[in-house]
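**Q** Enclosed is the structure file input31.cif (mmCIF, C-alpha atoms).
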```
data_final
loop_
_atom_site.label_atom_id
_atom_site.label_comp_id
_atom_site.auth_asym_id
_atom_site.auth_seq_id
_atom_site.Cartn_x
_atom_site.Cartn_y
_atom_site.Cartn_z
CA MET A 1 141.21 172.72 226.68
CA LYS A 2 143.75 170.31 225.16
CA VAL A 3 141.92 167.26 223.85
CA MET A 4 143.14 163.99 222.37
CA VAL A 5 141.30 161.45 220.24
CA GLY A 6 142.64 158.55 218.25
CA GLY A 7 141.80 155.78 215.84
CA THR A 8 142.41 154.09 212.54
CA PHE A 9 139.52 155.85 210.77
CA SER A 10 139.38 153.45 207.81
CA PRO A 11 137.07 154.19 206.23
CA LEU A 12 136.05 157.43 207.93
CA HIS A 13 132.38 156.86 208.85
CA ALA A 14 129.52 158.59 210.65
CA GLY A 15 130.65 157.28 214.06
CA HIS A 16 134.16 158.60 213.53
CA ARG A 17 132.78 161.98 212.50
CA VAL A 18 130.76 162.19 215.74
CA LEU A 19 133.85 161.22 217.78
CA ILE A 20 136.06 163.83 216.13
CA SER A 21 133.36 166.50 216.28
CA ARG A 22 132.97 165.89 220.00
CA ALA A 23 136.71 166.37 220.50
CA PHE A 24 136.53 169.78 218.80
CA GLU A 25 133.39 170.69 220.76
CA ILE A 26 135.12 169.92 224.08
CA ALA A 27 138.29 171.79 223.03
CA GLY A 28 136.33 174.92 222.20
CA SER A 29 137.67 177.76 220.09
CA ASN A 30 140.58 178.39 222.50
CA GLY A 31 141.54 174.73 222.81
CA ASP A 32 143.65 172.34 220.81
CA VAL A 33 142.89 168.90 219.38
CA THR A 34 145.44 166.16 218.81
CA ILE A 35 144.24 163.34 216.59
CA GLY A 36 146.24 160.14 216.84
CA LEU A 37 146.06 158.22 213.56
CA THR A 38 147.33 154.66 213.62
CA SER A 39 150.39 153.86 211.56
CA ASP A 40 150.00 151.35 208.76
CA ALA A 41 152.00 148.81 210.79
CA PHE A 42 149.87 149.24 213.93
CA ALA A 43 146.63 149.27 211.93
CA GLY A 44 147.73 146.09 210.17
CA SER A 45 146.49 144.05 213.13
CA LYS A 46 142.87 144.84 212.20
CA ALA A 47 140.64 142.04 210.91
CA HIS A 48 139.71 143.99 207.76
CA PRO A 49 141.66 145.85 205.05
CA ILE A 50 142.99 149.29 206.00
CA GLU A 51 143.47 152.24 203.66
CA PRO A 52 147.06 153.56 203.57
CA PHE A 53 148.00 156.13 206.23
CA GLU A 54 148.21 159.05 203.80
CA LYS A 55 144.73 158.32 202.39
CA ARG A 56 143.27 158.10 205.92
CA LYS A 57 145.02 161.34 206.89
CA GLU A 58 143.71 163.06 203.75
CA SER A 59 140.13 161.98 204.61
CA LEU A 60 140.53 163.33 208.16
CA VAL A 61 141.87 166.68 206.99
CA GLN A 62 139.11 167.01 204.40
CA PHE A 63 136.41 166.31 207.03
CA ILE A 64 137.96 168.78 209.49
CA GLN A 65 138.26 171.52 206.88
CA GLN A 66 134.68 171.01 205.67
CA SER A 67 133.43 171.13 209.26
CA GLU A 68 135.11 174.49 209.89
CA PHE A 69 136.00 173.66 213.50
CA LEU A 70 137.45 176.61 215.39
CA ALA A 71 140.17 174.89 217.44
CA PRO A 72 143.58 174.26 215.90
CA TYR A 73 144.53 170.61 215.48
CA HIS A 74 147.36 168.36 214.55
CA ILE A 75 147.55 164.74 213.53
CA GLU A 76 150.18 162.46 215.05
CA VAL A 77 151.11 158.91 214.12
CA LEU A 78 150.07 156.22 216.60
CA HIS A 79 152.48 153.30 216.79
CA ASP A 80 150.62 151.73 219.75
CA ARG A 81 147.34 152.25 221.61
CA PHE A 82 148.82 154.89 223.93
CA GLY A 83 150.63 157.20 221.50
CA THR A 84 151.84 160.27 223.38
CA THR A 85 149.04 160.13 225.96
CA LEU A 86 151.45 158.99 228.67
CA THR A 87 153.99 161.77 228.17
CA THR A 88 152.01 164.75 226.85
CA HIS A 89 150.09 167.27 228.92
CA PHE A 90 146.45 167.31 227.89
CA ASP A 91 143.11 167.73 229.64
CA ALA A 92 140.66 165.34 228.04
CA LEU A 93 140.44 162.18 225.99
CA VAL A 94 137.43 161.43 223.77
CA VAL A 95 136.59 157.77 223.22
CA SER A 96 133.73 155.57 222.06
CA GLU A 97 132.06 152.85 224.08
CA GLU A 98 134.31 150.40 222.26
CA THR A 99 137.56 152.18 223.18
CA TYR A 100 136.64 153.26 226.72
CA PRO A 101 138.76 150.44 228.27
CA VAL A 102 141.86 151.93 226.60
CA ALA A 103 141.09 155.29 228.24
CA LYS A 104 140.99 153.55 231.62
CA GLU A 105 144.37 151.96 230.85
CA ILE A 106 145.81 155.34 229.86
CA ASN A 107 144.74 156.93 233.14
CA ALA A 108 146.08 153.96 235.13
CA GLU A 109 149.44 154.23 233.34
CA ARG A 110 149.50 158.02 233.81
CA HIS A 111 148.84 157.51 237.53
CA SER A 112 151.69 155.00 237.81
CA LEU A 113 153.98 157.52 236.09
CA HIS A 114 152.88 160.25 238.54
CA GLN A 115 151.10 162.10 235.75
CA PRO A 116 147.67 163.64 236.39
CA CYS A 117 144.70 161.64 235.14
CA VAL A 118 142.70 163.21 232.33
CA GLU A 119 138.96 163.64 231.88
CA VAL A 120 137.47 160.88 229.77
CA HIS A 121 134.54 161.80 227.54
CA GLN A 122 132.78 158.74 226.17
CA ILE A 123 130.43 159.04 223.23
CA SER A 124 127.82 156.45 222.38
CA CYS A 125 128.57 154.46 219.29
CA VAL A 126 126.49 155.61 216.34
CA LEU A 127 123.88 153.12 215.23
CA ALA A 128 123.24 152.07 211.67
CA GLU A 129 119.68 151.96 210.39
CA ASP A 130 119.50 148.29 211.45
CA GLY A 131 120.13 149.30 215.09
CA LYS A 132 123.65 147.84 215.26
CA TRP A 133 126.85 149.87 215.67
CA ILE A 134 128.36 151.45 212.60
CA SER A 135 131.82 149.92 212.35
CA SER A 136 134.60 149.75 209.81
CA THR A 137 134.37 145.95 209.89
CA ARG A 138 130.68 146.04 208.90
CA ILE A 139 131.46 148.52 206.15
CA TRP A 140 134.30 146.38 204.77
CA LYS A 141 132.02 143.30 204.90
CA GLY A 142 129.55 145.19 202.71
CA GLU A 143 126.74 145.14 205.29
CA ILE A 144 126.41 148.95 205.47
CA ASP A 145 127.85 152.10 203.96
CA THR A 146 129.75 154.83 205.84
CA GLU A 147 126.45 156.45 206.85
CA GLY A 148 125.04 153.22 208.33
CA LYS A 149 122.60 152.47 205.54
CA ALA A 150 122.19 148.92 204.29
CA LYS A 151 124.24 148.40 201.11
CA ASN A 152 121.28 147.00 199.22
CA ALA A 153 119.03 149.93 200.20
CA GLU A 154 118.00 152.27 197.42
#
```
Translate the structure of the given file into structure tokens.

**A**
Amino acid sequence: MKVMVGGTFSPLHAGHRVLISRAFEIAGSNGDVTIGLTSDAFAGSKAHPIEPFEKRKESLVQFIQQSEFLAPYHIEVLHDRFGTTLTTHFDALVVSEETYPVAKEINAERHSLHQPCVEVHQISCVLAEDGKWISSTRIWKGEIDTEGKAKNAE
């Protein structure tokens, strides 16, 4: 199965790792995973600092290699929220609760372009130890670390 997933992944945290792992799980050993990674310009609209593209890409590759996923993958640059999802043949899109509305937009746009809709697999956002979502914004604010633990916790 050809699967797509995308994000800024800055910093790469536990929620991102679950999202990416799910994409590889759905693809299976005979599938293919495309990871859209936001360009520095597109990511610049975020409310918090963003690591440079090459550093974010390096973190992704390191995580993927350590995880020993079976499916081949490639990383493409996202210059907008759709990337190549409107023009590329693929079977499934993996999103979080937070990005599910974008998946609905992608399928609506694909429909209007007479492209087949794709399966949308939504994962639940990963919770930090305080019961709130792990997010890059919370990490950059110093509330939690990339594993969702309070920064002042021992």

**Q** Applied to this file, what does the PyMOL selection byres ((chain A and resi 112-119) around 12) return in terms of residues, put as a VMD selection string?

**A** chain A and resid 1 to 4 23 26 85 to 95 100 103 to 111 120 to 122

**Q** Give the answer as one residue: which of A:Pro72, A:Gly6, A:Gly148, A:Pro101 has the shortest atom-to-atom distance to A:Ala27, using only C-alpha atoms?

**A**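 The closest residue to A:Ala27 is A:Pro72.
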
**Q** Quick one, how far is atom CA of A:Arg56 from atom CA of A:Thr99?

**A**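 Distance between the two atoms: 19.1 Å.
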
**Q** Quick one, how far is atom CA of A:Glu58 from atom CA of A:Val77?

**A**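 Calculated distance between atom CA of A:Glu58 and atom CA of A:Val77 is 13.4 Å.
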
**Q** I'd like the interatomic distance between atom CA of A:Ala71 and atom CA of A:Asp32, to a tenth of an Å.

**A**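 Value for the atom CA of A:Ala71-atom CA of A:Asp32 distance: 5.5 Å.
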
**Q** As lines of an AutoDock Vina configuration file, please: the centre and edge lengths in Å, to one decimal, of an axis-aligned box enclosing every listed atom of stretch 3-22 of chain A with 5 Å added on each side.

**A**
```
center_x = 136.3
center_y = 160.4
center_z = 215.0
size_x = 23.6
size_y = 23.8
size_z = 27.6
```

**Q** Got a sec: who's within 12 Å of A:Phe9, counting all atoms listed in the file, leaving out chain neighbours fewer than 3 positions off, as a VMD selection string?

**A** chain A and resid 5 to 6 12 to 20 35 to 40 43 46 49 to 61 63 135 to 137 139 146

**Q** Nearest residue to A:His74 out of A:Val102, A:Thr34, A:Phe42, A:Lys151, using all atoms listed in the file?

**A** A:Thr34

**Q** Under the rule that all atoms listed in the file are counted, which of A:Tyr73, A:Phe24, A:Trp140, A:Trp133 is the nearest residue to A:Ser96?

**A**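 Ranked by minimum distance to A:Ser96, first place goes to A:Trp133.
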
**Q** Find the residue from A:Glu97, A:Glu68, A:Asp80, A:Glu143 that sits nearest to A:Ala128; use only C-alpha atoms when measuring.

**A**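 Closest residue, counting only C-alpha atoms: A:Glu143.
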
**Q** Given only C-alpha atoms as the basis, pick out the residue of A:Ile64, A:Val126, A:Ala47, A:Ala41 nearest to A:Leu78.

**A**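 The shortest atom-to-atom distance to A:Leu78 comes from A:Ala41.
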
**Q** May I ask which of the residues A:His48, A:Ile123, A:Val33, A:Glu129 is the closest one to A:Pro11, counting all atoms listed in the file?

**A** A:His48
